Every structure is written in structure tokens, then in C-alpha cells.
>>> print(open('upload_39.cif').read())   # mmCIF, C-alpha atoms
data_start
loop_
_atom_site.label_atom_id
_atom_site.label_comp_id
_atom_site.auth_asym_id
_atom_site.auth_seq_id
_atom_site.Cartn_x
_atom_site.Cartn_y
_atom_site.Cartn_z
CA MET H 1 -5.50 -12.93 -33.23
CA ASN H 2 -6.98 -11.54 -30.03
CA GLY H 3 -8.59 -13.24 -27.10
CA PRO H 4 -10.85 -14.30 -25.58
CA PHE H 5 -11.02 -16.62 -28.59
CA TYR H 6 -14.67 -17.61 -28.07
CA ASP H 7 -16.07 -14.16 -27.37
CA TYR H 8 -14.00 -12.62 -30.14
CA GLY H 9 -15.45 -15.13 -32.59
CA TRP H 10 -12.21 -16.94 -33.49
CA ILE H 11 -13.53 -20.30 -32.29
CA GLY H 12 -17.05 -21.74 -32.13
CA GLU H 13 -18.91 -23.46 -29.35
CA GLU H 14 -17.61 -26.95 -30.18
CA ALA H 15 -13.98 -25.84 -30.19
CA SER H 16 -14.50 -23.90 -26.97
CA LEU H 17 -15.82 -27.06 -25.32
CA ILE H 18 -12.71 -28.96 -26.43
CA PHE H 19 -10.55 -26.20 -24.93
CA ALA H 20 -12.60 -26.40 -21.72
CA LEU H 21 -12.15 -30.18 -21.58
CA VAL H 22 -8.38 -29.99 -22.06
CA ILE H 23 -8.00 -27.20 -19.48
CA GLY H 24 -10.31 -29.02 -17.07
CA VAL H 25 -8.32 -32.26 -17.34
CA ALA H 26 -5.06 -30.38 -16.80
CA PHE H 27 -6.55 -28.54 -13.81
CA GLY H 28 -7.74 -31.77 -12.22
CA PHE H 29 -4.42 -33.51 -12.91
CA PHE H 30 -2.37 -30.79 -11.25
CA LEU H 31 -4.78 -30.50 -8.31
CA GLU H 32 -4.33 -34.22 -7.69
CA ARG H 33 -0.55 -34.08 -8.18
CA ALA H 34 -0.37 -31.17 -5.71
CA GLY H 35 -1.95 -33.46 -3.13
CA LEU H 36 -5.30 -31.67 -3.10
CA GLY H 37 -7.24 -34.89 -3.56
CA SER H 38 -6.58 -35.68 0.11
CA ALA H 39 -9.21 -34.58 2.64
CA LYS H 40 -6.57 -34.66 5.39
CA LYS H 41 -4.38 -32.19 3.55
CA LEU H 42 -7.33 -29.96 2.73
CA SER H 43 -8.76 -29.88 6.24
CA ALA H 44 -5.28 -29.23 7.69
CA GLN H 45 -5.64 -25.82 6.05
CA PHE H 46 -8.36 -24.89 8.54
CA TYR H 47 -6.13 -25.82 11.50
CA LEU H 48 -3.24 -23.76 9.99
CA LYS H 49 -1.05 -26.88 9.94
CA ASP H 50 -0.67 -27.10 6.17
CA MET H 51 -1.21 -23.98 4.09
CA THR H 52 -0.77 -25.72 0.71
CA VAL H 53 -4.34 -24.91 -0.40
CA PHE H 54 -3.95 -21.22 0.39
CA LYS H 55 -0.55 -21.02 -1.30
CA MET H 56 -1.62 -22.99 -4.35
CA MET H 57 -4.89 -21.15 -4.92
CA PHE H 58 -3.40 -17.71 -4.27
CA THR H 59 -0.50 -18.53 -6.61
CA ALA H 60 -2.99 -19.56 -9.31
CA ILE H 61 -5.06 -16.39 -8.80
CA ILE H 62 -2.02 -14.11 -8.85
CA THR H 63 -0.50 -15.86 -11.88
CA ALA H 64 -3.80 -15.60 -13.79
CA MET H 65 -4.23 -11.96 -12.75
CA ILE H 66 -0.74 -10.97 -13.88
CA GLY H 67 -1.15 -12.95 -17.11
CA VAL H 68 -4.50 -11.34 -17.93
CA PHE H 69 -3.22 -7.87 -17.02
CA TRP H 70 -0.11 -8.00 -19.20
CA LEU H 71 -1.76 -9.83 -22.11
CA ASN H 72 -4.41 -7.10 -22.01
CA TRP H 73 -1.73 -4.43 -21.83
CA ILE H 74 0.08 -5.66 -24.94
CA GLY H 75 -3.27 -6.00 -26.73
CA VAL H 76 -3.38 -9.78 -27.16
CA LEU H 77 -6.33 -10.23 -24.84
CA HIS H 78 -9.35 -7.98 -24.28
CA ALA H 79 -9.85 -8.42 -20.54
CA ASP H 80 -13.12 -6.48 -20.61
CA MET H 81 -14.63 -9.19 -22.83
CA ILE H 82 -14.04 -11.91 -20.25
CA TYR H 83 -17.30 -12.93 -18.63
CA LEU H 84 -17.55 -11.82 -15.01
CA THR H 85 -20.02 -13.45 -12.70
CA PRO H 86 -22.28 -10.63 -11.44
CA THR H 87 -21.98 -9.81 -7.76
CA TYR H 88 -25.03 -10.36 -5.56
CA ILE H 89 -23.52 -9.45 -2.24
CA TRP H 90 -25.94 -11.00 0.30
CA PRO H 91 -26.54 -14.42 -1.26
CA GLN H 92 -22.81 -14.66 -2.06
CA ILE H 93 -21.85 -14.00 1.58
CA VAL H 94 -24.28 -16.70 2.70
CA GLY H 95 -23.08 -18.99 -0.10
CA GLY H 96 -19.48 -18.45 1.01
CA LEU H 97 -20.34 -19.38 4.59
CA VAL H 98 -22.19 -22.53 3.44
CA PHE H 99 -19.26 -23.37 1.16
CA GLY H 100 -16.74 -22.96 4.01
CA ALA H 101 -18.84 -25.04 6.39
CA GLY H 102 -19.23 -27.76 3.76
CA PHE H 103 -15.49 -27.64 3.05
CA ILE H 104 -14.44 -28.26 6.64
CA ILE H 105 -17.23 -30.77 7.38
CA GLY H 106 -16.82 -32.79 4.16
CA GLY H 107 -13.10 -32.19 3.71
CA TYR H 108 -13.41 -31.12 0.07
CA CYS H 109 -14.48 -28.24 -2.10
CA PRO H 110 -16.39 -29.02 -5.34
CA GLY H 111 -13.26 -29.26 -7.54
CA THR H 112 -11.21 -31.34 -5.13
CA SER H 113 -14.14 -33.70 -4.42
CA CYS H 114 -14.17 -34.52 -8.16
CA VAL H 115 -10.39 -34.99 -8.08
CA ALA H 116 -10.67 -37.31 -5.06
CA SER H 117 -13.51 -39.28 -6.73
CA SER H 118 -11.38 -39.88 -9.79
CA THR H 119 -8.83 -41.65 -7.61
CA GLY H 120 -11.58 -43.88 -6.18
CA SER H 121 -11.80 -42.13 -2.82
CA LEU H 122 -15.10 -43.10 -1.17
CA ASP H 123 -15.42 -39.86 0.80
CA GLY H 124 -14.78 -37.93 -2.43
CA ILE H 125 -17.58 -39.84 -4.17
CA VAL H 126 -19.96 -39.20 -1.26
CA ASN H 127 -19.09 -35.48 -1.49
CA VAL H 128 -19.85 -35.45 -5.22
CA ILE H 129 -23.21 -37.17 -4.57
CA GLY H 130 -23.94 -34.49 -1.94
CA LEU H 131 -22.87 -31.78 -4.37
CA LEU H 132 -25.20 -33.03 -7.12
CA SER H 133 -28.06 -33.50 -4.64
CA GLY H 134 -27.54 -29.92 -3.44
CA ILE H 135 -27.74 -28.63 -7.01
CA LEU H 136 -30.94 -30.61 -7.56
CA LEU H 137 -32.43 -29.33 -4.32
CA PHE H 138 -31.46 -25.77 -5.21
CA GLY H 139 -33.20 -26.11 -8.58
CA GLU H 140 -36.36 -27.33 -6.88
CA VAL H 141 -36.54 -24.57 -4.26
CA TYR H 142 -35.30 -21.79 -6.55
CA PRO H 143 -38.76 -20.19 -7.13
CA TRP H 144 -39.08 -19.66 -3.35
CA ILE H 145 -35.60 -18.23 -2.81
CA GLU H 146 -35.30 -16.18 -6.01
CA PRO H 147 -35.78 -12.79 -4.26
CA PHE H 148 -32.83 -13.60 -1.97
CA TYR H 149 -30.78 -15.07 -4.85
CA THR H 150 -30.90 -11.71 -6.64
CA ALA H 151 -30.56 -9.49 -3.53
CA GLY H 152 -27.78 -6.91 -3.30
CA SER H 153 -27.03 -6.79 -7.03
CA MET H 154 -23.81 -4.89 -7.81
CA GLY H 155 -23.48 -5.89 -11.47
CA GLU H 156 -20.08 -7.01 -12.74
CA ALA H 157 -18.17 -5.44 -9.87
CA THR H 158 -14.37 -5.15 -10.02
CA PHE H 159 -11.84 -3.77 -7.54
CA PRO H 160 -10.46 -1.08 -9.91
CA ALA H 161 -14.01 0.23 -10.50
CA ILE H 162 -15.00 0.15 -6.82
CA LEU H 163 -11.74 1.68 -5.57
CA GLY H 164 -11.46 4.09 -8.50
CA LEU H 165 -7.85 3.06 -9.05
CA PRO H 166 -6.00 2.11 -12.25
CA GLU H 167 -5.84 -1.65 -12.86
CA GLY H 168 -2.03 -1.62 -12.64
CA ILE H 169 -2.14 -0.28 -9.07
CA VAL H 170 -4.72 -2.87 -8.00
CA VAL H 171 -2.63 -5.68 -9.52
CA PHE H 172 0.42 -4.38 -7.66
CA MET H 173 -1.50 -4.13 -4.37
CA LEU H 174 -2.83 -7.68 -4.67
CA LEU H 175 0.66 -8.92 -5.52
CA ILE H 176 2.05 -7.35 -2.37
CA ILE H 177 -0.85 -8.77 -0.30
CA ALA H 178 -0.12 -12.22 -1.76
CA LEU H 179 3.58 -11.99 -0.90
CA ILE H 180 2.75 -10.96 2.67
CA GLY H 181 0.20 -13.79 2.80
CA PHE H 182 2.81 -16.33 1.70
CA LYS H 183 5.26 -15.12 4.31
CA VAL H 184 2.62 -15.24 7.08
CA SER H 185 1.43 -18.69 5.97
CA GLU H 186 5.01 -20.01 6.21
CA GLN H 187 5.24 -18.68 9.77
CA LEU H 188 1.86 -20.19 10.71
CA GLU H 189 2.90 -23.57 9.33
CA GLY H 190 6.09 -23.38 11.36
CA ARG H 191 4.10 -22.66 14.50
CA TYR H 192 1.22 -25.16 14.13
CA ALA H 193 2.59 -27.97 11.95
CA GLY H 194 3.81 -30.14 14.84
CA LYS H 195 0.74 -29.65 17.05
CA MET B 1 24.53 -20.19 5.14
CA ARG B 2 25.28 -16.45 5.01
CA GLU B 3 26.10 -16.80 1.30
CA SER B 4 22.69 -18.39 0.61
CA SER B 5 20.92 -15.66 2.59
CA THR B 6 22.71 -12.94 0.57
CA LYS B 7 21.71 -14.75 -2.63
CA ASN B 8 18.06 -14.82 -1.51
CA ASP B 9 18.15 -11.12 -0.61
CA LYS B 10 19.51 -10.32 -4.06
CA LEU B 11 16.77 -12.42 -5.65
CA VAL B 12 14.08 -10.65 -3.61
CA LEU B 13 15.51 -7.25 -4.54
CA ALA B 14 15.69 -8.20 -8.21
CA SER B 15 12.07 -9.47 -8.15
CA LEU B 16 10.88 -6.33 -6.40
CA SER B 17 12.68 -4.13 -8.94
CA PHE B 18 11.07 -6.14 -11.73
CA VAL B 19 7.60 -5.71 -10.20
CA LEU B 20 8.13 -1.98 -9.62
CA ALA B 21 9.38 -1.54 -13.19
CA GLY B 22 6.24 -3.28 -14.39
CA LEU B 23 4.08 -1.01 -12.26
CA ALA B 24 5.81 2.09 -13.60
CA LEU B 25 5.33 0.86 -17.17
CA ALA B 26 1.64 0.15 -16.58
CA ILE B 27 1.07 3.59 -15.03
CA ALA B 28 3.06 5.38 -17.72
CA SER B 29 1.06 3.75 -20.50
CA PRO B 30 -2.48 3.18 -19.24
CA ASN B 31 -3.68 2.58 -22.80
CA GLY B 32 -1.34 -0.37 -23.19
CA LEU B 33 1.40 -1.09 -25.66
CA ASN B 34 1.06 1.18 -28.72
CA GLY B 35 -2.39 2.26 -27.52
CA ALA B 36 -3.70 -1.32 -27.65
CA ASN B 37 -6.45 -0.50 -25.15
CA ARG B 38 -7.27 2.96 -26.42
CA GLN B 39 -11.02 3.47 -26.50
CA PRO B 40 -12.62 4.84 -29.67
CA ASN B 41 -14.68 7.97 -30.10
CA PHE B 42 -18.20 6.72 -29.57
CA MET B 43 -21.35 8.28 -30.90
CA GLY B 44 -24.67 7.56 -29.19
CA VAL B 45 -27.88 6.62 -30.97
CA ILE B 46 -29.54 9.99 -30.19
CA GLU B 47 -26.70 12.00 -31.73
CA LEU B 48 -26.67 9.80 -34.82
CA ALA B 49 -30.45 9.96 -35.13
CA GLU B 50 -30.33 13.77 -34.94
CA LYS B 51 -27.57 14.00 -37.55
CA ILE B 52 -29.46 11.79 -40.00
CA LYS B 53 -32.72 13.66 -39.35
CA ASN B 54 -30.97 16.99 -39.96
CA ARG B 55 -29.51 15.60 -43.19
CA GLU B 56 -25.97 16.29 -42.08
CA ASN B 57 -23.23 15.13 -44.38
CA LEU B 58 -21.84 11.97 -42.82
CA LEU B 59 -20.37 8.69 -43.95
CA LEU B 60 -22.03 5.84 -42.09
CA ILE B 61 -20.74 2.34 -42.78
CA ASP B 62 -22.48 -0.91 -41.82
CA LEU B 63 -19.86 -3.63 -41.36
CA ARG B 64 -22.29 -6.56 -41.34
CA ASP B 65 -22.82 -8.89 -44.30
CA ALA B 66 -25.15 -7.95 -47.15
CA GLN B 67 -27.98 -10.20 -45.98
CA LYS B 68 -28.18 -8.62 -42.54
CA PHE B 69 -27.91 -5.19 -44.10
CA GLU B 70 -30.90 -5.97 -46.34
CA GLU B 71 -32.92 -7.16 -43.36
CA MET B 72 -32.44 -3.98 -41.37
CA ARG B 73 -30.19 -0.97 -41.59
CA ILE B 74 -29.79 2.53 -40.25
CA PRO B 75 -31.02 5.13 -42.79
CA THR B 76 -28.28 6.53 -45.07
CA ALA B 77 -25.85 3.73 -44.13
CA LYS B 78 -23.63 2.19 -46.78
CA ASN B 79 -22.82 -1.51 -46.56
CA ILE B 80 -19.16 -2.51 -46.67
CA PRO B 81 -18.83 -5.94 -45.03
CA PHE B 82 -15.91 -6.17 -42.61
CA ASP B 83 -14.07 -8.75 -44.75
CA SER B 84 -14.18 -6.59 -47.87
CA LEU B 85 -13.29 -3.28 -46.23
CA ASP B 86 -10.16 -1.68 -47.69
CA LEU B 87 -8.54 0.53 -45.07
CA GLY B 88 -6.68 2.43 -47.78
CA GLU B 89 -9.98 3.79 -49.10
CA LEU B 90 -10.98 5.40 -45.80
CA LYS B 91 -10.85 9.15 -46.07
CA GLY B 92 -12.32 11.67 -43.67
CA THR B 93 -14.44 11.05 -40.60
CA THR B 94 -16.35 7.80 -40.83
CA ILE B 95 -18.96 6.35 -38.50
CA PHE B 96 -18.97 2.55 -38.28
CA TYR B 97 -21.42 0.15 -36.77
CA SER B 98 -21.98 -3.57 -36.66
CA GLY B 99 -24.61 -5.82 -35.12
CA ASP B 100 -23.28 -6.17 -31.60
CA ASP B 101 -19.99 -4.20 -31.70
CA LEU B 102 -17.84 -7.25 -32.39
CA LEU B 103 -17.02 -6.35 -36.00
CA SER B 104 -16.57 -2.70 -35.02
CA ARG B 105 -14.14 -3.81 -32.35
CA LYS B 106 -12.22 -6.02 -34.76
CA LEU B 107 -12.02 -3.08 -37.15
CA TRP B 108 -10.83 -0.76 -34.36
CA ASP B 109 -8.11 -3.25 -33.38
CA SER B 110 -6.84 -3.38 -36.94
CA LEU B 111 -6.73 0.38 -37.51
CA PRO B 112 -3.49 2.36 -37.36
CA ASP B 113 -3.50 5.41 -35.07
CA SER B 114 -3.81 7.81 -38.00
CA LEU B 115 -7.13 6.24 -39.03
CA ARG B 116 -8.35 5.83 -35.46
CA ASP B 117 -8.42 9.61 -35.07
CA GLN B 118 -11.00 9.95 -37.83
CA THR B 119 -13.06 6.92 -36.86
CA ILE B 120 -16.27 7.06 -34.84
CA ILE B 121 -18.03 3.97 -33.56
CA LEU B 122 -21.79 3.87 -33.00
CA TYR B 123 -22.06 2.87 -29.34
CA GLY B 124 -23.96 -0.42 -29.12
CA GLY B 125 -24.24 -0.78 -32.91
CA MET B 126 -27.38 -2.00 -34.62
CA ARG B 127 -28.52 -3.68 -31.40
CA ASP B 128 -28.76 -0.36 -29.53
CA TRP B 129 -30.27 1.39 -32.55
CA TYR B 130 -33.06 -1.21 -32.45
CA ASP B 131 -33.46 -1.48 -28.67
CA ARG B 132 -32.77 2.12 -27.66
CA MET B 133 -33.95 4.18 -30.63
CA LEU B 134 -36.56 2.29 -32.63
CA TYR B 135 -38.21 0.28 -29.86
CA PRO B 136 -37.01 1.69 -26.56
CA THR B 137 -38.53 1.21 -23.13
CA LEU B 138 -38.90 4.64 -21.59
CA PRO B 139 -39.89 5.81 -18.13
CA PHE B 140 -43.13 7.53 -17.25
CA GLY B 141 -44.67 9.11 -14.19
CA ASP B 142 -43.33 11.55 -11.62
CA GLN B 143 -39.89 9.92 -11.44
CA VAL B 144 -38.71 11.09 -14.87
CA SER B 145 -35.54 13.09 -14.24
CA ASP B 146 -35.24 14.75 -17.65
CA SER B 147 -38.59 15.24 -19.33
CA SER B 148 -37.15 17.19 -22.30
CA LEU B 149 -34.79 14.29 -23.10
CA LEU B 150 -37.72 11.89 -22.83
CA LYS B 151 -39.84 14.00 -25.18
CA HIS B 152 -36.97 14.35 -27.66
CA LEU B 153 -36.35 10.60 -27.60
CA HIS B 154 -40.00 9.85 -28.18
CA GLU B 155 -40.08 12.24 -31.14
CA LEU B 156 -36.99 10.68 -32.69
CA CYS B 157 -38.39 7.21 -32.14
CA GLU B 158 -41.59 8.11 -33.98
CA PHE B 159 -39.66 9.92 -36.71
CA TYR B 160 -37.84 6.67 -37.54
CA GLY B 161 -41.06 4.64 -37.51
CA GLY B 162 -40.55 2.94 -34.15
CA PHE B 163 -42.62 2.92 -31.02
CA ALA B 164 -41.81 3.09 -27.35
CA ASP B 165 -42.94 1.03 -24.40
CA PHE B 166 -43.32 2.77 -21.07
CA GLU B 167 -42.50 1.51 -17.59
CA PRO B 168 -42.41 3.28 -14.22
CA ASP B 169 -38.62 3.00 -13.93
CA SER B 170 -36.59 6.23 -13.81
CA SER B 171 -33.29 4.38 -14.44
CA LEU B 172 -34.37 3.69 -18.03
CA LEU B 173 -33.00 7.10 -19.04
CA ASN B 174 -29.54 6.37 -17.61
CA TYR B 175 -28.37 4.76 -20.85
CA TYR B 176 -29.07 7.97 -22.80
CA GLN B 177 -27.20 10.08 -20.24
CA LEU B 178 -23.96 8.09 -20.45
CA ASP B 179 -20.83 10.20 -20.93
CA LEU B 180 -19.54 8.59 -24.11
CA SER B 181 -16.28 10.57 -24.03
CA THR B 182 -15.10 8.28 -21.21
CA ALA B 183 -17.11 5.20 -22.18
CA LYS B 184 -15.56 1.82 -22.79
CA TRP B 185 -16.72 -0.79 -25.27
CA PRO B 186 -20.15 -2.04 -24.24
CA LYS B 187 -20.48 -5.67 -23.23
CA ILE B 188 -21.25 -7.91 -26.15
CA ARG B 189 -24.35 -9.99 -25.55
CA MET B 190 -23.87 -13.52 -26.81
CA GLY B 191 -27.53 -14.14 -27.77
CA ASN B 192 -28.30 -17.84 -27.56
CA LYS B 193 -24.69 -18.90 -27.35
CA LEU B 194 -23.11 -20.52 -24.34
CA MET B 195 -23.03 -18.46 -21.15
CA ARG B 196 -19.90 -18.91 -19.07
CA LYS B 197 -20.15 -19.13 -15.33
CA GLY B 198 -17.43 -19.49 -12.76
CA CYS B 199 -17.05 -22.59 -10.62
#
>>> encode(input="upload_39.cif", output="C-alpha cells")
Amino acid sequence: MNGPFYDYGWIGEEASLIFALVIGVAFGFFLERAGLGSAKKLSAQFYLKDMTVFKMMFTAIITAMIGVFWLNWIGVLHADMIYLTPTYIWPQIVGGLVFGAGFIIGGYCPGTSCVASSTGSLDGIVNVIGLLSGILLFGEVYPWIEPFYTAGSMGEATFPAILGLPEGIVVFMLLIIALIGFKVSEQLEGRYAGK
Amino acid sequence: MRESSTKNDKLVLASLSFVLAGLALAIASPNGLNGANRQPNFMGVIELAEKIKNRENLLLIDLRDAQKFEEMRIPTAKNIPFDSLDLGELKGTTIFYSGDDLLSRKLWDSLPDSLRDQTIILYGGMRDWYDRMLYPTLPFGDQVSDSSLLKHLHELCEFYGGFADFEPDSSLLNYYQLDLSTAKWPKIRMGNKLMRKGC
């Protein structure tokens, strides 16, 4: 039985939604338990006082990457069947900047604002209202910004394809970058935590 | 304190060795464990269309169910639905196709290496036969990079009873110029099913 289960036809849409619900609940639970429902903890990331967000997210990315790589290698998962969001370089750079500004101003990213709301946090709820309003606004102005939304299309871009390197090498490089990142983040925390 | 530091160093060294061993394994076997990620020999729609037109002796198997086969099929194809295919009966070079490559891919995953060598997959399956051979959108105007390919495609399209649309887009020929010897499985389009997007 190979994965991805949905794309490979092993499970239907209903079952895939149940999987999504279970994974989503688990994701939210662990985000909250890791303390990422706190705006103070999240914003401390930007002042280099608490690098929990960086360490947690990078750990999740690296764990998923290694899992996908090796499951693909042994033939249990077809990584090329996993849906990749297409890259539109210019709107995604702008979107990243808006996201970062919203993160530091509001104190939450979309996922953590939902986590904070579930614990009854008022600022979390306000963030979610802002998030939904932003989506609504985007939908309304989409016809005017569509040319920009689709600018700089690169298709389903991946590092191995862009760099022309085998996937194993790219996984190894990212692993080393992550380890260096963890080490540097520990040093930064040591330097700025008390300030 | 020194003992704990030595223990940590050993742990780091062991982890690094583990990672390097993994890297070596991945580089040594780029096709995965037992060739799990080996790509099949693909045949493009033009090559298949030429072979059928020239009445070449080939075994072409449609893996879809009987109903879909009745609705539309590639000329000379024989219908053996995926679920009733007996691998033991496969002899000689066989070309397989399905609707959107999913059944072909499932078949490929289940084949032993000995049968993989004599198996050819129609790149893009019935979907590409319909979209790229019977009813293709082809380029026109001064930007056409390979006019002989364009003419040949148009002839084949008409031979099989299809018709082509024309647009002033030179990239429309790119699909037909793909090097299938290094191609990977094409992306499966999910039709009207759910589309996944990242957060």
C-alpha cells in the first residue's frame, strides 16, 4: 500500500478529510503544548530572546523532509505525487513580507492565532477575525490584482531541480544547515535572553 | 562534567556517522530500495500513433474498466482491467496505458524487475492521447520552432479523426519534444476532486 493514500486512490475524499481533521487537531494540540499559543513567546522570536518557534518549525520541517525522503527511497511513498504549491516568486516575496509584518504586529501567525483562540485568548480571536477579513478582502480585490498574483511563475519548483543535485545531497545540506541553525539559535538565546 | 562532555561528543559523532551512512546509501542507490523509484520506459503519443498507423506488431493493453474502454480507446488496444490482469500471462514487450497514469503506475509498482524490462508505459495515458493527439492545441505563426514536427502532428491528428486548435504560442510544441528516456511520471490531474493547498 503506497502513499500518498488520497492521490494513489487508496482512500476517498471523505476519509481524507477525516485524516486531515485528526492531523489538524494533533498539530494544534502540540502547538499549544509547545507554548506557541502565547503572543509573548512568539514575538520574543523576533527579538532573538526565545528561539522556540525557529527550533520547533525547523525541527518539524527537517523531520518531515527526512521522513518523506526515506519513505520515498524504500518505495512506501511516492514523493513526486505530493501536491506542491506552485511558486510565483514576486507575489510570494511580497506575501512573505506582509506575513512577517503581520506576525510581529499581531503576535501570531495564522496557525498559532487559531491555537490561541481555542484557549479563549482575546488577541488570538481578534487575529483570527483579521485573518478571515483579509481573506474576504483578497477575494473581493482578486480580479484587480490577478496579474500580480500570477507574476513570476516557476511551476512546482524544488531545490533538487533548481540546483541540479540529487535529492539525497539536498536533504543532507539542509540537515547540516538546520544543525548549524540550532547551534547559532542557542548562542543567540544565551546572548539576548536576559536583555 | 568532563564525562558528560565526552558522552555528548560521542553522541554527536555517532549521529554524524549515521547521517553520512544514510547519505552514502542514498547516493549509491538513487533509484531507491530494490529500484523502488526506477522510472519506466515511456512511449510518447506520437511514437505510438506512428506505430499503429504503420501497422507494427505491438501489444497495447488498456488497464481501465470495460465501460471506459467502450467509451473511448486507442486503436488496436486490448482491454485487460487492472484488477483482472494476470502478471504470469505477460510475455514479450507490452505497452500499457490507463486514463491518467494512476493504474499504469500501480501496475509498474507491482511488477518484478524481469517484467519491468519488457514493459512500456504510454506517457500521459488516455488523457494525453485525447489532449495531445486527437484534439491538441498547436502553435501557429512565425514562432513555430519545428515546422516539420507540427506538420507531422497535424497529419497524425487528422489520420485518427481528431482536429487541432491553433494558438500563437510556441511553447505548445515543448510537450512533444520531451526527452522521454529521462522523463519521470507525469503529474496526475485530479479532475474535480479536492485540490490540496499549503497553509
>>> resolve_selection(input="upload_39.cif", expression="the PyMOL selection byres ((chain B) within 6 of (chain H))", output="list in words")
Ala26, Gly32, Leu33 and Ala36 of chain B
>>> residues_around(input="upload_39.cif", residues="range 81-93 of chain B", least_positions_apart="4", cutoff="6 Å", atoms="only C-alpha atoms", output="PyMOL selection string")
chain B and resi 63-65+118-119
>>> atom_distance(input="upload_39.cif", atom1="CA of Met57 in chain H", atom2="CA of Ala44 in chain H")
15.0 Å
>>> atom_distance(input="upload_39.cif", atom1="CA of Val126 in chain H", atom2="CA of Gly35 in chain H")
19.0 Å
>>> atom_distance(input="upload_39.cif", atom1="CA of Pro186 in chain B", atom2="CA of Asp100 in chain B")
9.0 Å
>>> residues_around(input="upload_39.cif", residues="range 141-158 of chain B", least_positions_apart="6", cutoff="9 Å", atoms="all atoms listed in the file", output="JSON, numbers by chain")
{"B": [46, 49, 50, 53, 132, 133, 134, 135, 164, 167, 168, 169, 170, 171, 173, 176]}
>>> resolve_selection(input="upload_39.cif", expression="the PyMOL selection byres ((chain B and resi 40) around 7)", output="JSON, numbers by chain")
{"B": [38, 39, 41, 42, 120, 121]}
>>> decode(input="upload_39.cif", residues="range 105-128 of chain B", atoms="N, CA and C atoms", output="mmCIF file, in the first residue's frame")
data_model
loop_
_atom_site.group_PDB
_atom_site.id
_atom_site.type_symbol
_atom_site.label_atom_id
_atom_site.label_comp_id
_atom_site.auth_asym_id
_atom_site.auth_seq_id
_atom_site.Cartn_x
_atom_site.Cartn_y
_atom_site.Cartn_z
ATOM 1 N N ARG B 105 0.730 3.262 -13.070
ATOM 2 C CA ARG B 105 1.728 3.407 -12.005
ATOM 3 C C ARG B 105 1.582 2.292 -10.969
ATOM 4 N N LYS B 106 0.314 1.959 -10.657
ATOM 5 C CA LYS B 106 0.087 0.854 -9.718
ATOM 6 C C LYS B 106 0.633 -0.450 -10.297
ATOM 7 N N LEU B 107 0.415 -0.619 -11.606
ATOM 8 C CA LEU B 107 0.926 -1.823 -12.273
ATOM 9 C C LEU B 107 2.449 -1.844 -12.194
ATOM 10 N N TRP B 108 3.078 -0.711 -12.522
ATOM 11 C CA TRP B 108 4.537 -0.612 -12.527
ATOM 12 C C TRP B 108 5.101 -0.950 -11.140
ATOM 13 N N ASP B 109 4.434 -0.451 -10.094
ATOM 14 C CA ASP B 109 4.893 -0.720 -8.724
ATOM 15 C C ASP B 109 4.820 -2.206 -8.376
ATOM 16 N N SER B 110 3.865 -2.890 -9.002
ATOM 17 C CA SER B 110 3.685 -4.299 -8.639
ATOM 18 C C SER B 110 4.528 -5.246 -9.489
ATOM 19 N N LEU B 111 5.191 -4.715 -10.504
ATOM 20 C CA LEU B 111 5.946 -5.593 -11.420
ATOM 21 C C LEU B 111 7.326 -5.955 -10.867
ATOM 22 N N PRO B 112 7.722 -7.213 -11.041
ATOM 23 C CA PRO B 112 9.107 -7.566 -10.708
ATOM 24 C C PRO B 112 10.042 -6.994 -11.775
ATOM 25 N N ASP B 113 11.323 -6.878 -11.453
ATOM 26 C CA ASP B 113 12.289 -6.281 -12.382
ATOM 27 C C ASP B 113 12.303 -6.958 -13.750
ATOM 28 N N SER B 114 12.142 -8.294 -13.740
ATOM 29 C CA SER B 114 12.208 -9.029 -15.004
ATOM 30 C C SER B 114 11.103 -8.560 -15.954
ATOM 31 N N LEU B 115 9.922 -8.278 -15.414
ATOM 32 C CA LEU B 115 8.820 -7.827 -16.270
ATOM 33 C C LEU B 115 8.913 -6.336 -16.582
ATOM 34 N N ARG B 116 9.556 -5.585 -15.669
ATOM 35 C CA ARG B 116 9.697 -4.149 -15.927
ATOM 36 C C ARG B 116 10.502 -3.890 -17.202
ATOM 37 N N ASP B 117 11.500 -4.751 -17.441
ATOM 38 C CA ASP B 117 12.364 -4.560 -18.614
ATOM 39 C C ASP B 117 11.597 -4.652 -19.921
ATOM 40 N N GLN B 118 10.502 -5.395 -19.930
ATOM 41 C CA GLN B 118 9.757 -5.564 -21.182
ATOM 42 C C GLN B 118 8.427 -4.793 -21.164
ATOM 43 N N THR B 119 8.349 -3.847 -20.218
ATOM 44 C CA THR B 119 7.114 -3.064 -20.113
ATOM 45 C C THR B 119 7.338 -1.628 -20.577
ATOM 46 N N ILE B 120 6.428 -1.144 -21.372
ATOM 47 C CA ILE B 120 6.471 0.262 -21.824
ATOM 48 C C ILE B 120 5.160 0.926 -21.392
ATOM 49 N N ILE B 121 5.286 2.129 -20.881
ATOM 50 C CA ILE B 121 4.107 2.864 -20.437
ATOM 51 C C ILE B 121 3.856 4.024 -21.406
ATOM 52 N N LEU B 122 2.604 4.165 -21.828
ATOM 53 C CA LEU B 122 2.260 5.316 -22.675
ATOM 54 C C LEU B 122 2.262 6.562 -21.791
ATOM 55 N N TYR B 123 3.157 7.481 -22.087
ATOM 56 C CA TYR B 123 3.316 8.690 -21.268
ATOM 57 C C TYR B 123 2.027 9.528 -21.315
ATOM 58 N N GLY B 124 1.436 9.715 -20.141
ATOM 59 C CA GLY B 124 0.215 10.534 -20.073
ATOM 60 C C GLY B 124 -1.071 9.758 -20.314
ATOM 61 N N GLY B 125 -0.937 8.487 -20.720
ATOM 62 C CA GLY B 125 -2.109 7.620 -20.882
ATOM 63 C C GLY B 125 -3.161 8.162 -21.841
ATOM 64 N N MET B 126 -4.393 7.723 -21.584
ATOM 65 C CA MET B 126 -5.522 8.096 -22.447
ATOM 66 C C MET B 126 -5.727 9.607 -22.460
ATOM 67 N N ARG B 127 -5.426 10.240 -21.338
ATOM 68 C CA ARG B 127 -5.611 11.699 -21.221
ATOM 69 C C ARG B 127 -4.755 12.430 -22.277
ATOM 70 N N ASP B 128 -3.479 12.029 -22.372
ATOM 71 C CA ASP B 128 -2.603 12.696 -23.340
ATOM 72 C C ASP B 128 -2.936 12.292 -24.777
#
